[in-house]
2 protein chains.
Amino acid sequence: MTPAAEGAGATRRTTRGLVTRERIVAAAAQLMFERGVAGTSTPDVRDAAGVSSSQIYHYFADKSALTRAVIEFQTARILTGQRVLLSRLDSFEALRDWRDAIVQIEHDLDCRGGCPLGSLTSELAEHDPAARTALAEGFTQWTAAIRDGLQDMLDRGVLRDDADPHRLSLATMAALQGGLILAQAQRSTAALEAGLDAMIERIAFHAVAP
Amino acid sequence: MTPAAEGAGATRRTTRGLVTRERIVAAAAQLMFERGVAGTSTPDVRDAAGVSSSQIYHYFADKSALTRAVIEFQTARILTGQRVLLSRLDSFEALRDWRDAIVQIEHDLDCRGGCPLGSLTSELAEHDPAARTALAEGFTQWTAAIRDGLQDMLDRGVLRDDADPHRLSLATMAALQGGLILAQAQRSTAALEAGLDAMIERIAFHAVAP
DNA sequence: GGCAGACTGGATAGTCAAATCCAGTTTTGG
DNA sequence: CCAAAACTGGATTTGACTATCCAGTCTGCC
């Protein structure tokens, strides 16, 4: 009946339908970012997206499926939104620009909302296995983007051979996520700045001597 | 009518009542840690604590008040639970022991649950100001415990004067929180280990030369 | 231009949790 | 030991949210 559910195989929808679907996901993403998943009801999404209830269940099997679409949406949003910065995260200057941009964004938001993926993680990881997997994949891609930049620095001889891009990128992502959590709790970017700065300095420790 | 609500001023309860109250908080804390606040209903807490519904509302004005009590409970639990390790977090050996203990705990939990405070933060910070304040205070105390150990190392000449205990403790807490989030999403302690190791190495950078 | 099916809107079951009420029991202080 | 208050248990009310249903509309295709 409902031909699509989600996923790849099913009969594709019209352009108009896909636009509507995307509008629902975008509205849900915004609301879930602001209020959390549990704090976002389907009537809320309906009103914000300017559609009717049945449409949500036309495009998504249930709220859980919608949530998974939101995770993919946020992952894509982060990766494309930071593409300019991430694609050449291959020098200390670029690292510092990236750090400054993140701190600036958080500052502009008055430290509200944390990380779009991090917030979803603590809310969903333990009772929605599919969501947890999708979030893990999102973090993996994000971390990989950082790792690639560091690998590039290593290949170009900016970093010494004893630098481990994979481990450093994991540590950087940890500092970022924790910094965002603390920013949200304390309404201050101090921990975020300290965490990212410490990681950049840690990476700089592996730089070839000036 | 309900004389207590919570807080300091009101008529104090009997020992028996306080024990019951504590049993409710402990049960709620465990459930909220496992399933999140929204995923924990008052009937769940009632059953887990072995009390009846009305008792919960006898001791707490509403679910929000219970949640705040859980935050204080978890803060106290962390600080006392890590007291042995935190009280003398004043050498590199102690730092590594602390790091190992945290990784071990997370490993024993199969990376489930994240941080008791971190999980609550992303769920509550944006729609419960009192909870956000309580969480911020919890993080501040926890971070201060780390900072005191680093300050001690600085005072004893283990660290050089250019080390900033406050900033280093903030960065360490960020790496810890982010590491726990990533552990929860990826069911692996890799990022937690990388983050904490990087911070310890970062601190070691300030050590007086051997 | 007209038909099949995709798409939409609002109304509505059915479920579950938050919070209240009240009758009965236990504890505490004098 | 006795009264007053604290405490307990379960039933109940109220409200909100998830998910479904169905009648009507719009779109794309021939």
# chains A, B, ... in the order shown; residues from 1 in each chain; ligands from 1
$ residues_around --residues "segment 126-137 of chain A" --least-positions-apart "6" --cutoff "8 Å" --atoms "only C-alpha atoms (C1' of nucleotides)" --output "ChimeraX atom specification"
/A:64,67-68,71-72,117,120 /B:34-35,112-113,182,185-186
$ select_by_dssp --residues "segment 3-63 of chain A" --states "alpha helix (DSSP H)" --output "JSON, numbers by chain"
{"A": [15, 16, 17, 18, 19, 20, 21, 22, 23, 24, 25, 26, 27, 28, 29, 30, 31, 32, 33, 34, 35, 42, 43, 44, 45, 46, 47, 48, 49, 53, 54, 55, 56, 57, 58, 59, 63]}
$ closest_atom_pairs --of "chain B" --to "chain D" --cutoff "8 Å" --atoms "only C-alpha atoms (C1' of nucleotides)" --output "JSON lines"
{"residue": "B:Gly17", "atom": "CA", "partner": "D:DC7", "partner_atom": "C1'", "distance": 7.5}
{"residue": "B:Ser52", "atom": "CA", "partner": "D:DG9", "partner_atom": "C1'", "distance": 5.9}
{"residue": "B:Ser54", "atom": "CA", "partner": "D:DG9", "partner_atom": "C1'", "distance": 7.9}
{"residue": "B:Gln55", "atom": "CA", "partner": "D:DT8", "partner_atom": "C1'", "distance": 7.3}
$ closest_residue --among "A:Ala94, A:Ile78, A:Met32, A:Ala38" --to "chain B" --atoms "only C-alpha atoms"
A:Ala38
$ interface_residues --of "chain C" --to "chain A" --cutoff "10 Å" --atoms "only C-alpha atoms (C1' of nucleotides)" --output "VMD selection string"
chain C and resid 6 to 10
$ write_last_selection --atoms "N, CA and C atoms (P, O5', C5', C4', C3', O3' and C1' of nucleotides)" --output "PDB file, in the first residue's frame"
ATOM      1  P    DA C   6       0.497   4.805  -6.836  1.00  0.00           P
ATOM      2  O5'  DA C   6       1.337   6.102  -6.429  1.00  0.00           O
ATOM      3  C5'  DA C   6       1.893   6.899  -7.452  1.00  0.00           C
ATOM      4  C4'  DA C   6       1.697   8.373  -7.146  1.00  0.00           C
ATOM      5  C3'  DA C   6       2.117   8.772  -5.728  1.00  0.00           C
ATOM      6  O3'  DA C   6       2.883   9.968  -5.806  1.00  0.00           O
ATOM      7  C1'  DA C   6      -0.096   9.488  -6.130  1.00  0.00           C
ATOM      8  P    DC C   7       3.700  10.460  -4.534  1.00  0.00           P
ATOM      9  O5'  DC C   7       2.673  11.466  -3.841  1.00  0.00           O
ATOM     10  C5'  DC C   7       2.268  12.630  -4.547  1.00  0.00           C
ATOM     11  C4'  DC C   7       1.101  13.285  -3.850  1.00  0.00           C
ATOM     12  C3'  DC C   7       1.310  13.599  -2.361  1.00  0.00           C
ATOM     13  O3'  DC C   7       1.463  14.999  -2.213  1.00  0.00           O
ATOM     14  C1'  DC C   7      -0.915  12.871  -2.868  1.00  0.00           C
ATOM     15  P    DT C   8       1.728  15.609  -0.793  1.00  0.00           P
ATOM     16  O5'  DT C   8       0.250  15.941  -0.289  1.00  0.00           O
ATOM     17  C5'  DT C   8      -0.516  16.952  -0.941  1.00  0.00           C
ATOM     18  C4'  DT C   8      -1.887  17.064  -0.304  1.00  0.00           C
ATOM     19  C3'  DT C   8      -1.880  17.412   1.182  1.00  0.00           C
ATOM     20  O3'  DT C   8      -2.496  18.678   1.346  1.00  0.00           O
ATOM     21  C1'  DT C   8      -3.435  15.664   0.693  1.00  0.00           C
ATOM     22  P    DG C   9      -2.239  19.558   2.615  1.00  0.00           P
ATOM     23  O5'  DG C   9      -3.573  19.285   3.448  1.00  0.00           O
ATOM     24  C5'  DG C   9      -4.814  19.463   2.804  1.00  0.00           C
ATOM     25  C4'  DG C   9      -5.955  19.038   3.707  1.00  0.00           C
ATOM     26  C3'  DG C   9      -5.731  19.300   5.195  1.00  0.00           C
ATOM     27  O3'  DG C   9      -6.789  20.133   5.651  1.00  0.00           O
ATOM     28  C1'  DG C   9      -6.406  17.027   4.812  1.00  0.00           C
ATOM     29  P    DG C  10      -6.831  20.823   6.994  1.00  0.00           P
ATOM     30  O5'  DG C  10      -7.875  19.934   7.820  1.00  0.00           O
ATOM     31  C5'  DG C  10      -9.167  19.718   7.295  1.00  0.00           C
ATOM     32  C4'  DG C  10      -9.807  18.506   7.948  1.00  0.00           C
ATOM     33  C3'  DG C  10      -9.822  18.544   9.488  1.00  0.00           C
ATOM     34  O3'  DG C  10     -11.104  18.139   9.925  1.00  0.00           O
ATOM     35  C1'  DG C  10      -8.925  16.505   8.740  1.00  0.00           C
TER      36       DG C  10
END
$ closest_residue --among "A:Leu150, A:Ala145, A:Leu124, A:Ala48" --to "chain B" --atoms "only C-alpha atoms"
A:Leu124
$ residues_around --residues "segment 160-173 of chain B" --least-positions-apart "2" --cutoff "6 Å" --atoms "only C-alpha atoms (C1' of nucleotides)" --output "VMD selection string"
(chain A and resid 191 194 to 195) or (chain B and resid 143 146 to 147 150 to 151 175 to 176 199 206 to 208)
$ atom_distance --atom1 "atom CA of Phe73 of chain B" --atom2 "atom CA of Ala61 of chain B"
17.0 Å
$ residues_around --residues "Ser122 of chain B" --least-positions-apart "6" --cutoff "8 Å" --atoms "only C-alpha atoms (C1' of nucleotides)" --output "list in words"
Gly36, Gly113, Gly114, Gly118, Ser119, Ser122, Glu123, Ile181 and Gln184 of chain A
$ atom_distance --atom1 "atom CA of Arg202 of chain B" --atom2 "atom CA of His107 of chain A"
25.7 Å
